[in-house]
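Engineer: File name structure-v3.txt; file contents compact mmCIF, C-alpha atoms; full text below.
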```
# COMPACT_ATOMS: atom_id res chain seq x y z
CA MET O 1 127.48 117.59 105.27
CA ALA O 2 128.92 117.01 108.71
CA GLN O 3 129.97 113.52 109.80
CA ALA O 4 127.08 111.10 109.24
CA LEU O 5 126.58 107.63 110.71
CA THR O 6 124.04 105.07 109.54
CA ARG O 7 123.03 102.50 112.14
CA GLN O 8 120.20 100.22 113.22
CA MET O 9 117.28 101.93 114.92
CA THR O 10 116.49 100.96 118.51
CA GLU O 11 113.84 101.86 121.07
CA VAL O 12 116.07 104.68 122.27
CA ASP O 13 115.49 106.38 118.90
CA ILE O 14 111.69 106.40 119.12
CA GLU O 15 111.71 109.91 120.62
CA ALA O 16 113.81 111.13 117.68
CA GLY O 17 111.48 109.37 115.24
CA LEU O 18 108.50 111.14 116.79
CA ARG O 19 110.34 114.46 116.56
CA LEU O 20 110.79 113.94 112.83
CA CYS O 21 107.13 112.92 112.46
CA ARG O 22 105.99 116.14 114.14
CA ALA O 23 108.39 118.24 112.06
CA SER O 24 106.95 116.73 108.87
CA GLY O 25 103.30 116.87 109.98
CA TRP O 26 102.96 113.09 110.09
CA ASN O 27 100.39 111.26 112.19
CA GLN O 28 102.33 108.42 113.84
CA LEU O 29 102.53 107.77 117.57
CA GLU O 30 104.98 105.80 119.69
CA ALA O 31 102.94 102.63 119.13
CA ASP O 32 103.56 102.89 115.37
CA TRP O 33 107.33 103.05 115.80
CA ARG O 34 107.20 100.13 118.21
CA LEU O 35 105.30 98.11 115.61
CA PHE O 36 108.17 98.48 113.14
CA LEU O 37 110.80 97.69 115.74
CA GLU O 38 108.88 94.60 116.88
CA CYS O 39 107.97 93.28 113.43
CA ASN O 40 111.33 93.85 111.71
CA PRO O 41 113.91 95.22 114.16
CA GLU O 42 116.87 94.60 111.84
CA GLY O 43 115.14 96.48 109.03
CA CYS O 44 114.93 99.91 110.68
CA ARG O 45 117.72 102.45 110.23
CA VAL O 46 118.62 105.97 111.34
CA ILE O 47 121.23 108.41 110.12
CA GLU O 48 122.98 110.48 112.76
CA VAL O 49 124.69 113.76 111.94
CA ASP O 50 126.99 114.98 114.71
CA GLY O 51 125.24 112.63 117.15
CA ARG O 52 121.69 113.79 116.32
CA VAL O 53 119.20 111.65 114.40
CA ALA O 54 118.61 113.39 111.06
CA GLY O 55 116.67 110.71 109.20
CA THR O 56 114.88 107.39 109.51
CA VAL O 57 113.63 104.53 107.36
CA ALA O 58 111.77 101.34 108.25
CA THR O 59 111.05 98.18 106.32
CA LEU O 60 108.60 95.31 106.66
CA ARG O 61 108.74 91.77 105.28
CA PHE O 62 105.57 89.93 104.40
CA GLU O 63 106.55 86.27 104.27
CA ASP O 64 108.88 85.67 101.31
CA ARG O 65 106.38 87.34 98.97
CA PHE O 66 107.08 91.06 99.14
CA SER O 67 108.45 93.78 101.39
CA TRP O 68 107.62 97.38 102.24
CA ILE O 69 109.61 100.60 102.62
CA SER O 70 108.19 102.99 105.20
CA MET O 71 108.88 105.98 107.41
CA LEU O 72 111.46 107.62 105.14
CA LEU O 73 111.86 110.86 107.09
CA VAL O 74 114.51 113.57 107.01
CA ASP O 75 114.84 116.48 109.41
CA PRO O 76 113.61 119.58 107.49
CA GLU O 77 116.80 121.42 108.46
CA MET O 78 118.92 118.63 106.91
CA ARG O 79 117.13 118.09 103.61
CA ARG O 80 118.81 118.28 100.20
CA GLN O 81 122.03 116.88 101.62
CA GLY O 82 121.66 113.33 100.36
CA ILE O 83 120.26 111.85 103.59
CA GLY O 84 117.01 110.64 102.04
CA THR O 85 118.85 109.09 99.10
CA LYS O 86 121.22 107.29 101.43
CA LEU O 87 118.32 105.95 103.50
CA LEU O 88 116.51 104.74 100.38
CA HIS O 89 119.66 103.01 99.11
CA GLY O 90 120.02 101.36 102.49
CA ALA O 91 116.43 100.14 102.57
CA ILE O 92 116.71 98.64 99.07
CA GLU O 93 119.92 96.91 100.11
CA ILE O 94 118.27 95.51 103.26
CA LEU O 95 115.53 94.02 101.08
CA ASN O 96 117.71 92.81 98.20
CA ASP O 97 116.81 89.18 98.95
CA MET O 98 113.08 89.86 98.46
CA PRO O 99 111.44 89.30 95.07
CA SER O 100 109.37 92.47 95.32
CA VAL O 101 109.68 95.78 97.16
CA ARG O 102 106.58 97.94 97.49
CA LEU O 103 105.75 101.37 98.87
CA ASP O 104 103.21 104.17 98.69
CA ALA O 105 104.66 107.36 97.23
CA THR O 106 103.57 110.97 97.08
CA PRO O 107 103.67 112.50 93.57
CA ALA O 108 106.94 114.24 94.49
CA GLY O 109 108.40 111.01 95.83
CA LYS O 110 107.30 109.11 92.74
CA THR O 111 109.73 111.05 90.58
CA VAL O 112 112.55 109.73 92.77
CA TYR O 113 111.26 106.16 92.94
CA ASP O 114 110.83 106.05 89.16
CA GLN O 115 114.60 106.44 88.90
CA TYR O 116 115.11 103.40 91.12
CA GLY O 117 113.02 101.06 88.99
CA PHE O 118 109.70 101.33 90.82
CA HIS O 119 106.51 100.95 88.75
CA ASP O 120 102.99 102.26 89.34
CA GLU O 121 100.47 99.77 90.70
CA TYR O 122 97.38 101.85 91.52
CA SER O 123 96.27 105.21 92.87
CA LEU O 124 95.24 106.15 96.40
CA ILE O 125 93.94 109.31 97.98
CA ARG O 126 94.30 110.51 101.58
CA MET O 127 90.92 111.69 102.89
CA ARG O 128 90.29 113.63 106.10
CA ALA O 129 87.05 114.28 107.97
CA VAL O 130 86.48 116.62 110.89
CA GLN O 131 83.01 115.16 111.34
CA VAL O 132 81.54 112.13 109.58
CA ALA O 133 77.85 112.19 108.70
CA GLY O 134 75.89 109.70 110.74
CA GLY O 135 73.88 106.80 109.42
CA VAL O 136 72.56 103.36 110.26
CA SER O 137 75.27 100.70 110.19
CA THR O 138 75.04 96.93 110.21
CA ALA O 139 78.63 96.56 111.46
CA ARG O 140 79.36 94.96 114.82
CA PRO O 141 82.47 94.74 117.01
CA MET O 142 85.05 92.17 116.01
CA GLY O 143 85.59 89.40 118.52
CA ASP O 144 88.37 86.92 119.15
CA ALA O 145 86.31 84.27 117.38
CA ASP O 146 86.22 86.42 114.22
CA LEU O 147 89.91 87.16 114.10
CA GLY O 148 91.21 83.82 112.82
CA ARG O 149 88.84 83.82 109.84
CA ILE O 150 89.63 87.45 109.08
CA LEU O 151 93.39 86.87 109.14
CA GLU O 152 93.00 83.96 106.73
CA THR O 153 90.85 86.03 104.38
CA ASP O 154 93.20 88.99 104.64
CA ARG O 155 96.17 86.94 103.46
CA HIS O 156 94.41 86.46 100.12
CA VAL O 157 93.22 90.07 99.91
CA PHE O 158 96.53 91.69 100.88
CA GLY O 159 98.63 89.11 99.06
CA ALA O 160 100.61 87.92 102.09
CA ASP O 161 100.30 87.30 105.81
CA ARG O 162 100.20 90.52 107.82
CA SER O 163 98.60 89.01 110.91
CA ALA O 164 101.28 90.49 113.20
CA ILE O 165 100.22 93.99 112.16
CA LEU O 166 96.48 93.36 112.29
CA ARG O 167 96.73 91.74 115.72
CA ARG O 168 98.45 94.88 117.00
CA LEU O 169 95.73 97.08 115.53
CA TYR O 170 93.11 94.84 117.12
CA ARG O 171 94.87 95.10 120.47
CA ASN O 172 95.73 98.82 120.41
CA ALA O 173 92.44 100.21 119.02
CA PRO O 174 89.78 97.51 119.53
CA GLU O 175 86.92 99.97 119.03
CA TYR O 176 87.82 100.26 115.34
CA ALA O 177 87.96 96.49 114.75
CA LEU O 178 84.58 95.78 113.12
CA VAL O 179 82.89 93.22 110.89
CA ALA O 180 79.87 93.44 108.57
CA ASP O 181 78.52 91.13 105.86
CA GLY O 182 81.81 89.33 105.33
CA GLY O 183 83.84 92.55 105.39
CA TYR O 184 86.07 93.96 108.10
CA CYS O 185 88.01 97.02 109.15
CA PHE O 186 90.62 98.06 111.67
CA GLY O 187 91.94 101.42 112.83
CA ARG O 188 94.47 103.14 115.03
CA HIS O 189 94.99 106.27 117.04
CA GLY O 190 97.10 109.11 115.70
CA PHE O 191 98.56 112.51 116.54
CA ARG O 192 96.56 114.56 114.00
CA ALA O 193 93.59 112.24 113.68
CA ASP O 194 92.55 108.64 114.17
CA HIS O 195 93.05 106.44 111.12
CA ILE O 196 90.45 104.07 109.65
CA GLY O 197 91.92 101.20 107.66
CA PRO O 198 92.27 98.70 106.26
CA VAL O 199 88.66 98.48 105.08
CA VAL O 200 88.02 95.26 103.17
CA ALA O 201 84.65 94.28 101.72
CA GLY O 202 83.03 92.53 98.82
CA TYR O 203 80.61 95.39 98.23
CA ALA O 204 80.66 99.16 98.64
CA ASP O 205 77.59 99.07 100.91
CA THR O 206 79.53 96.93 103.37
CA ALA O 207 82.51 99.29 103.24
CA ARG O 208 80.21 102.23 103.95
CA ALA O 209 78.72 100.46 106.95
CA LEU O 210 82.17 99.76 108.33
CA VAL O 211 83.38 103.36 107.94
CA LEU O 212 80.22 104.80 109.51
CA ALA O 213 80.48 102.43 112.45
CA ALA O 214 84.18 103.16 112.97
CA ALA O 215 83.68 106.94 112.84
CA SER O 216 80.81 106.72 115.32
CA LYS O 217 83.13 105.34 118.02
CA HIS O 218 84.71 108.76 118.60
CA PRO O 219 82.56 111.35 116.80
CA GLU O 220 84.50 114.18 118.43
CA ARG O 221 87.76 113.19 116.72
CA PRO O 222 88.93 113.89 113.16
CA PHE O 223 89.63 110.86 110.96
CA LEU O 224 92.03 109.96 108.17
CA LEU O 225 91.33 107.29 105.57
CA ASP O 226 93.52 106.29 102.62
CA ALA O 227 91.02 105.32 99.95
CA THR O 228 91.58 103.26 96.85
CA GLN O 229 90.25 104.72 93.62
CA HIS O 230 89.16 101.56 91.86
CA ASP O 231 85.56 102.82 92.04
CA SER O 232 84.92 106.55 91.65
CA THR O 233 81.57 106.23 93.43
CA TRP O 234 83.43 105.21 96.59
CA VAL O 235 85.37 108.47 96.79
CA ARG O 236 82.22 110.44 96.01
CA TRP O 237 80.43 108.70 98.88
CA LEU O 238 83.29 109.51 101.25
CA GLU O 239 83.00 113.16 100.25
CA SER O 240 79.25 113.09 100.90
CA ALA O 241 79.96 111.63 104.36
CA GLY O 242 82.25 114.51 105.26
CA PHE O 243 85.69 113.44 104.02
CA ALA O 244 87.80 115.80 101.92
CA ALA O 245 90.83 114.95 99.81
CA GLU O 246 94.21 115.93 101.30
CA ARG O 247 96.72 114.46 98.85
CA PRO O 248 97.18 111.56 96.43
CA PHE O 249 99.48 108.56 96.76
CA ILE O 250 100.68 106.03 94.22
CA ARG O 251 101.25 102.41 95.22
CA MET O 252 104.46 101.27 93.53
CA TYR O 253 106.57 98.13 93.28
CA ARG O 254 110.14 97.24 92.34
CA GLY O 255 110.95 93.87 90.85
CA GLY O 256 108.02 91.61 90.12
CA ASN O 257 104.56 91.86 91.60
CA PRO O 258 103.53 88.19 91.77
CA PHE O 259 101.30 88.57 94.85
CA PRO O 260 99.13 91.67 94.32
CA GLY O 261 96.26 90.27 96.37
CA THR O 262 92.75 91.32 95.39
CA PRO O 263 92.84 95.14 95.38
CA GLY O 264 89.23 95.34 94.20
CA GLN O 265 88.12 94.29 97.68
CA VAL O 266 90.24 96.95 99.39
CA PHE O 267 88.35 100.20 99.98
CA ALA O 268 90.97 101.70 102.31
CA ILE O 269 94.53 100.59 102.99
CA ALA O 270 96.10 100.24 106.43
CA GLY O 271 98.25 103.27 105.65
CA PRO O 272 101.14 104.23 103.37
CA GLU O 273 103.59 102.97 105.97
CA LEU O 274 101.83 99.61 106.50
CA GLY O 275 100.47 98.66 103.09
```
Produce structure tokens that represent the structure in this file.
Structural biologist:
Amino acid sequence: MAQALTRQMTEVDIEAGLRLCRASGWNQLEADWRLFLECNPEGCRVIEVDGRVAGTVATLRFEDRFSWISMLLVDPEMRRQGIGTKLLHGAIEILNDMPSVRLDATPAGKTVYDQYGFHDEYSLIRMRAVQVAGGVSTARPMGDADLGRILETDRHVFGADRSAILRRLYRNAPEYALVADGGYCFGRHGFRADHIGPVVAGYADTARALVLAAASKHPERPFLLDATQHDSTWVRWLESAGFAAERPFIRMYRGGNPFPGTPGQVFAIAGPELG
């Protein structure tokens, strides 16, 4: 491999990050990269080869409870040269003071993460809908008065405070911030499709109402949703509403997992890059 340089990612590198997203068919926009750089600027890295960004990785810290590895991307023309391995090593080193490191892996990625001491937590499935079947929904728009209660509840559900992320979702895509019967959801805009999640509810009926209401905001757009598989009837309902499975993920952790949250109340995650 030609001369490689690992360094901290900055705003100047966002264009390169988007180039790698497009080359890999990923959905992120500039706002997603800015979220990582704002929430954990010292935890984002790029590898340059001959002055050109060839790979990226980002990390997030959720209090002192656990951390997240995200956005591990390598230029397709530079793969199988050790860049991804170097980025993963770097991310683990950045987070070596954290008691737990978590991520969402594809089945192919899992075989790599297994070698680095990651363990399976639970299964996820990426679902995509070109058109979501309509239906009556009891969900209503989230307001500023709702947000404080939701952020407090979410800390228990997610396992740590992620209010900085949820506030950005609320600000950037307010139409997808909804509440219903004690449950809530957020969403964001994307390159391939808009993304619904997280979806948190005590009951499946509430989760259904939230998804239907979110999808009705822009019925002309395709949607992505990363569903948990704790309840097989939930995935079957998504299929009946027009979603089709794209690919599975596996939520994994390295070290302990002392703050798993309450996954049974999570019907869709925020995304593999956000937890």
Engineer: Can you tell me which residues surround Phe66 of chain O at a distance of at most 7 Å, considering only C-alpha atoms, apart from same-chain residues fewer than 6 positions away, and format the answer as a PyMOL selection string?
Structural biologist: chain O and resi 98-101
Engineer: Quick one, how far is atom CA of Ile250 of chain O from atom CA of Ile92 of chain O?
Structural biologist: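 Going from atom CA of Ile250 of chain O over to atom CA of Ile92 of chain O covers 18.3 Å.
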Engineer: Name the residues within 7 Å of (79.5, 97.7, 110.4), counting only C-alpha atoms in the file's coordinates, and put them as an mmCIF file with C-alpha atoms, keeping the file's coordinate frame.
Structural biologist:
```
data_model
loop_
_atom_site.group_PDB
_atom_site.id
_atom_site.type_symbol
_atom_site.label_atom_id
_atom_site.label_comp_id
_atom_site.auth_asym_id
_atom_site.auth_seq_id
_atom_site.Cartn_x
_atom_site.Cartn_y
_atom_site.Cartn_z
ATOM 1 C CA SER O 137 75.270 100.700 110.190
ATOM 2 C CA THR O 138 75.040 96.930 110.210
ATOM 3 C CA ALA O 139 78.630 96.560 111.460
ATOM 4 C CA ARG O 140 79.360 94.960 114.820
ATOM 5 C CA LEU O 178 84.580 95.780 113.120
ATOM 6 C CA VAL O 179 82.890 93.220 110.890
ATOM 7 C CA ALA O 180 79.870 93.440 108.570
ATOM 8 C CA ALA O 209 78.720 100.460 106.950
ATOM 9 C CA LEU O 210 82.170 99.760 108.330
ATOM 10 C CA ALA O 213 80.480 102.430 112.450
#
```
Engineer: Using all atoms listed in the file, which residues of segment 88-188 of chain O come within 12 Å of segment 253-272 of chain O, and what is the closest atom pair for each, with the distance in Å to one decimal? Give it as JSON lines, sorted by chain and residue number.
Structural biologist:
```
{"residue": "O:Ile92", "atom": "CA", "partner": "O:Arg254", "partner_atom": "CA", "distance": 9.5}
{"residue": "O:Leu95", "atom": "CA", "partner": "O:Arg254", "partner_atom": "CA", "distance": 10.8}
{"residue": "O:Asn96", "atom": "CA", "partner": "O:Gly255", "partner_atom": "CA", "distance": 10.0}
{"residue": "O:Asp97", "atom": "CA", "partner": "O:Gly255", "partner_atom": "CA", "distance": 11.0}
{"residue": "O:Met98", "atom": "CA", "partner": "O:Gly255", "partner_atom": "CA", "distance": 8.9}
{"residue": "O:Pro99", "atom": "CA", "partner": "O:Gly255", "partner_atom": "CA", "distance": 6.2}
{"residue": "O:Ser100", "atom": "CA", "partner": "O:Gly255", "partner_atom": "CA", "distance": 4.9}
{"residue": "O:Val101", "atom": "CA", "partner": "O:Arg254", "partner_atom": "CA", "distance": 5.1}
{"residue": "O:Arg102", "atom": "CA", "partner": "O:Tyr253", "partner_atom": "CA", "distance": 4.2}
{"residue": "O:Leu103", "atom": "CA", "partner": "O:Tyr253", "partner_atom": "CA", "distance": 6.5}
{"residue": "O:Asp104", "atom": "CA", "partner": "O:Pro272", "partner_atom": "CA", "distance": 5.1}
{"residue": "O:Ala105", "atom": "CA", "partner": "O:Pro272", "partner_atom": "CA", "distance": 7.7}
{"residue": "O:Thr106", "atom": "CA", "partner": "O:Pro272", "partner_atom": "CA", "distance": 9.5}
{"residue": "O:Lys110", "atom": "CA", "partner": "O:Tyr253", "partner_atom": "CA", "distance": 11.0}
{"residue": "O:Tyr113", "atom": "CA", "partner": "O:Arg254", "partner_atom": "CA", "distance": 9.0}
{"residue": "O:Asp114", "atom": "CA", "partner": "O:Arg254", "partner_atom": "CA", "distance": 9.4}
{"residue": "O:Gln115", "atom": "CA", "partner": "O:Arg254", "partner_atom": "CA", "distance": 10.8}
{"residue": "O:Tyr116", "atom": "CA", "partner": "O:Arg254", "partner_atom": "CA", "distance": 8.0}
{"residue": "O:Gly117", "atom": "CA", "partner": "O:Arg254", "partner_atom": "CA", "distance": 5.8}
{"residue": "O:Phe118", "atom": "CA", "partner": "O:Arg254", "partner_atom": "CA", "distance": 4.4}
{"residue": "O:His119", "atom": "CA", "partner": "O:Tyr253", "partner_atom": "CA", "distance": 5.3}
{"residue": "O:Asp120", "atom": "CA", "partner": "O:Tyr253", "partner_atom": "CA", "distance": 6.7}
{"residue": "O:Glu121", "atom": "CA", "partner": "O:Tyr253", "partner_atom": "CA", "distance": 6.8}
{"residue": "O:Tyr122", "atom": "CA", "partner": "O:Pro263", "partner_atom": "CA", "distance": 9.0}
{"residue": "O:Ser123", "atom": "CA", "partner": "O:Pro263", "partner_atom": "CA", "distance": 10.9}
{"residue": "O:Leu124", "atom": "CA", "partner": "O:Ala268", "partner_atom": "CA", "distance": 8.5}
{"residue": "O:Ile125", "atom": "CA", "partner": "O:Ala268", "partner_atom": "CA", "distance": 9.2}
{"residue": "O:Arg126", "atom": "CA", "partner": "O:Gly271", "partner_atom": "CA", "distance": 9.2}
{"residue": "O:Met127", "atom": "CA", "partner": "O:Ala268", "partner_atom": "CA", "distance": 10.0}
{"residue": "O:Thr153", "atom": "CA", "partner": "O:Gly261", "partner_atom": "CA", "distance": 10.6}
{"residue": "O:Asp154", "atom": "CA", "partner": "O:Gly261", "partner_atom": "CA", "distance": 8.9}
{"residue": "O:Arg155", "atom": "CA", "partner": "O:Gly261", "partner_atom": "CA", "distance": 7.8}
{"residue": "O:His156", "atom": "CA", "partner": "O:Gly261", "partner_atom": "CA", "distance": 5.7}
{"residue": "O:Val157", "atom": "CA", "partner": "O:Gly261", "partner_atom": "CA", "distance": 4.7}
{"residue": "O:Phe158", "atom": "CA", "partner": "O:Gly261", "partner_atom": "CA", "distance": 4.7}
{"residue": "O:Gly159", "atom": "CA", "partner": "O:Gly261", "partner_atom": "CA", "distance": 3.8}
{"residue": "O:Ala160", "atom": "CA", "partner": "O:Phe259", "partner_atom": "CA", "distance": 7.3}
{"residue": "O:Asp161", "atom": "CA", "partner": "O:Gly261", "partner_atom": "CA", "distance": 10.7}
{"residue": "O:Arg162", "atom": "CA", "partner": "O:Ala270", "partner_atom": "CA", "distance": 10.6}
{"residue": "O:Ile165", "atom": "CA", "partner": "O:Ala270", "partner_atom": "CA", "distance": 9.4}
{"residue": "O:Leu166", "atom": "CA", "partner": "O:Ala270", "partner_atom": "CA", "distance": 9.0}
{"residue": "O:Leu169", "atom": "CA", "partner": "O:Ala270", "partner_atom": "CA", "distance": 9.6}
{"residue": "O:Gly182", "atom": "CA", "partner": "O:Gln265", "partner_atom": "CA", "distance": 11.1}
{"residue": "O:Gly183", "atom": "CA", "partner": "O:Gln265", "partner_atom": "CA", "distance": 9.0}
{"residue": "O:Tyr184", "atom": "CA", "partner": "O:Val266", "partner_atom": "CA", "distance": 10.1}
{"residue": "O:Cys185", "atom": "CA", "partner": "O:Ala268", "partner_atom": "CA", "distance": 8.8}
{"residue": "O:Phe186", "atom": "CA", "partner": "O:Ala270", "partner_atom": "CA", "distance": 7.9}
{"residue": "O:Gly187", "atom": "CA", "partner": "O:Ala270", "partner_atom": "CA", "distance": 7.7}
{"residue": "O:Arg188", "atom": "CA", "partner": "O:Ala270", "partner_atom": "CA", "distance": 9.2}
```
Engineer: Output C-alpha atoms for every residue in the selection just made, as a PDB file, in the frame of the given file.
Structural biologist:
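Saved as out-v3.pdb:
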```pdb
ATOM      1  CA  ILE O  92     116.710  98.640  99.070  1.00  0.00           C
ATOM      2  CA  LEU O  95     115.530  94.020 101.080  1.00  0.00           C
ATOM      3  CA  ASN O  96     117.710  92.810  98.200  1.00  0.00           C
ATOM      4  CA  ASP O  97     116.810  89.180  98.950  1.00  0.00           C
ATOM      5  CA  MET O  98     113.080  89.860  98.460  1.00  0.00           C
ATOM      6  CA  PRO O  99     111.440  89.300  95.070  1.00  0.00           C
ATOM      7  CA  SER O 100     109.370  92.470  95.320  1.00  0.00           C
ATOM      8  CA  VAL O 101     109.680  95.780  97.160  1.00  0.00           C
ATOM      9  CA  ARG O 102     106.580  97.940  97.490  1.00  0.00           C
ATOM     10  CA  LEU O 103     105.750 101.370  98.870  1.00  0.00           C
ATOM     11  CA  ASP O 104     103.210 104.170  98.690  1.00  0.00           C
ATOM     12  CA  ALA O 105     104.660 107.360  97.230  1.00  0.00           C
ATOM     13  CA  THR O 106     103.570 110.970  97.080  1.00  0.00           C
ATOM     14  CA  LYS O 110     107.300 109.110  92.740  1.00  0.00           C
ATOM     15  CA  TYR O 113     111.260 106.160  92.940  1.00  0.00           C
ATOM     16  CA  ASP O 114     110.830 106.050  89.160  1.00  0.00           C
ATOM     17  CA  GLN O 115     114.600 106.440  88.900  1.00  0.00           C
ATOM     18  CA  TYR O 116     115.110 103.400  91.120  1.00  0.00           C
ATOM     19  CA  GLY O 117     113.020 101.060  88.990  1.00  0.00           C
ATOM     20  CA  PHE O 118     109.700 101.330  90.820  1.00  0.00           C
ATOM     21  CA  HIS O 119     106.510 100.950  88.750  1.00  0.00           C
ATOM     22  CA  ASP O 120     102.990 102.260  89.340  1.00  0.00           C
ATOM     23  CA  GLU O 121     100.470  99.770  90.700  1.00  0.00           C
ATOM     24  CA  TYR O 122      97.380 101.850  91.520  1.00  0.00           C
ATOM     25  CA  SER O 123      96.270 105.210  92.870  1.00  0.00           C
ATOM     26  CA  LEU O 124      95.240 106.150  96.400  1.00  0.00           C
ATOM     27  CA  ILE O 125      93.940 109.310  97.980  1.00  0.00           C
ATOM     28  CA  ARG O 126      94.300 110.510 101.580  1.00  0.00           C
ATOM     29  CA  MET O 127      90.920 111.690 102.890  1.00  0.00           C
ATOM     30  CA  THR O 153      90.850  86.030 104.380  1.00  0.00           C
ATOM     31  CA  ASP O 154      93.200  88.990 104.640  1.00  0.00           C
ATOM     32  CA  ARG O 155      96.170  86.940 103.460  1.00  0.00           C
ATOM     33  CA  HIS O 156      94.410  86.460 100.120  1.00  0.00           C
ATOM     34  CA  VAL O 157      93.220  90.070  99.910  1.00  0.00           C
ATOM     35  CA  PHE O 158      96.530  91.690 100.880  1.00  0.00           C
ATOM     36  CA  GLY O 159      98.630  89.110  99.060  1.00  0.00           C
ATOM     37  CA  ALA O 160     100.610  87.920 102.090  1.00  0.00           C
ATOM     38  CA  ASP O 161     100.300  87.300 105.810  1.00  0.00           C
ATOM     39  CA  ARG O 162     100.200  90.520 107.820  1.00  0.00           C
ATOM     40  CA  ILE O 165     100.220  93.990 112.160  1.00  0.00           C
ATOM     41  CA  LEU O 166      96.480  93.360 112.290  1.00  0.00           C
ATOM     42  CA  LEU O 169      95.730  97.080 115.530  1.00  0.00           C
ATOM     43  CA  GLY O 182      81.810  89.330 105.330  1.00  0.00           C
ATOM     44  CA  GLY O 183      83.840  92.550 105.390  1.00  0.00           C
ATOM     45  CA  TYR O 184      86.070  93.960 108.100  1.00  0.00           C
ATOM     46  CA  CYS O 185      88.010  97.020 109.150  1.00  0.00           C
ATOM     47  CA  PHE O 186      90.620  98.060 111.670  1.00  0.00           C
ATOM     48  CA  GLY O 187      91.940 101.420 112.830  1.00  0.00           C
ATOM     49  CA  ARG O 188      94.470 103.140 115.030  1.00  0.00           C
TER      50      ARG O 188
END
```
Engineer: Atom CA of Met9 of chain O and atom CA of Cys21 of chain O are how many Å apart?
Structural biologist: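 Atom CA of Cys21 of chain O lies 15.2 Å from atom CA of Met9 of chain O.
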Engineer: Under the rule that only C-alpha atoms are counted, which of O:Arg221, O:Arg52, O:Arg149, O:Arg208 is the nearest residue to Ser240 of chain O?
Structural biologist: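 Of the candidates, the smallest distance to Ser240 of chain O is held by O:Arg208.
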Engineer: Mind giving me the straight-line distance from atom CA of Gln8 of chain O to atom CA of Cys44 of chain O in Å, one decimal?
Structural biologist: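 Here the two named atoms are 5.9 Å from each other.
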Engineer: If we draw a sphere of 10 Å around (116.1, 104.0, 98.8), which residues have at least one atom in it when counting all atoms listed in the file? Please report them as a PyMOL selection string.
Structural biologist: chain O and resi 57+69+72+84-94+112-113+116
Engineer: Looking at only C-alpha atoms, which of O:Met78, O:Ile196, O:Val12, O:Leu35 is the one that sits closest to Val49 of chain O?
Structural biologist: O:Met78
Engineer: Can you tell me which residues surround Ala244 of chain O at a distance of at most 12 Å, considering only C-alpha atoms, apart from same-chain residues fewer than 6 positions away, and format the answer as a PDB file with C-alpha atoms, in the coordinates of the input?
Structural biologist:
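This went into around_24.pdb:
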```
ATOM      1  CA  ILE O 125      93.940 109.310  97.980  1.00  0.00           C
ATOM      2  CA  ARG O 126      94.300 110.510 101.580  1.00  0.00           C
ATOM      3  CA  MET O 127      90.920 111.690 102.890  1.00  0.00           C
ATOM      4  CA  ARG O 128      90.290 113.630 106.100  1.00  0.00           C
ATOM      5  CA  ALA O 129      87.050 114.280 107.970  1.00  0.00           C
ATOM      6  CA  VAL O 130      86.480 116.620 110.890  1.00  0.00           C
ATOM      7  CA  GLN O 131      83.010 115.160 111.340  1.00  0.00           C
ATOM      8  CA  VAL O 132      81.540 112.130 109.580  1.00  0.00           C
ATOM      9  CA  PRO O 222      88.930 113.890 113.160  1.00  0.00           C
ATOM     10  CA  PHE O 223      89.630 110.860 110.960  1.00  0.00           C
ATOM     11  CA  LEU O 224      92.030 109.960 108.170  1.00  0.00           C
ATOM     12  CA  LEU O 225      91.330 107.290 105.570  1.00  0.00           C
ATOM     13  CA  ASP O 226      93.520 106.290 102.620  1.00  0.00           C
ATOM     14  CA  ALA O 227      91.020 105.320  99.950  1.00  0.00           C
ATOM     15  CA  VAL O 235      85.370 108.470  96.790  1.00  0.00           C
ATOM     16  CA  ARG O 236      82.220 110.440  96.010  1.00  0.00           C
ATOM     17  CA  TRP O 237      80.430 108.700  98.880  1.00  0.00           C
ATOM     18  CA  LEU O 238      83.290 109.510 101.250  1.00  0.00           C
TER      19      LEU O 238
END
```
Engineer: Please determine an axis-aligned box that encloses all atoms of segment 53-65 of chain O listed in the file, with 8 Å added on each side, and express its centre and edge lengths in Å to one decimal as AutoDock Vina command-line options.
Structural biologist:
```
--center_x 112.4 --center_y 99.5 --center_z 106.7 --size_x 29.6 --size_y 43.7 --size_z 31.4
```
Engineer: Can you work out which one of O:Ala133, O:Ser67, O:Ala54, O:Asp75 has the shortest atom-to-atom distance to Leu5 of chain O, counting only C-alpha atoms?
Structural biologist: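 Nearest candidate to Leu5 of chain O out of O:Ala133, O:Ser67, O:Ala54, O:Asp75: O:Ala54.
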Engineer: Between O:Phe191, O:Tyr176, O:Phe249, O:Phe62, which residue has the minimum interatomic distance to Arg22 of chain O, considering all atoms listed in the file?
Structural biologist: O:Phe191
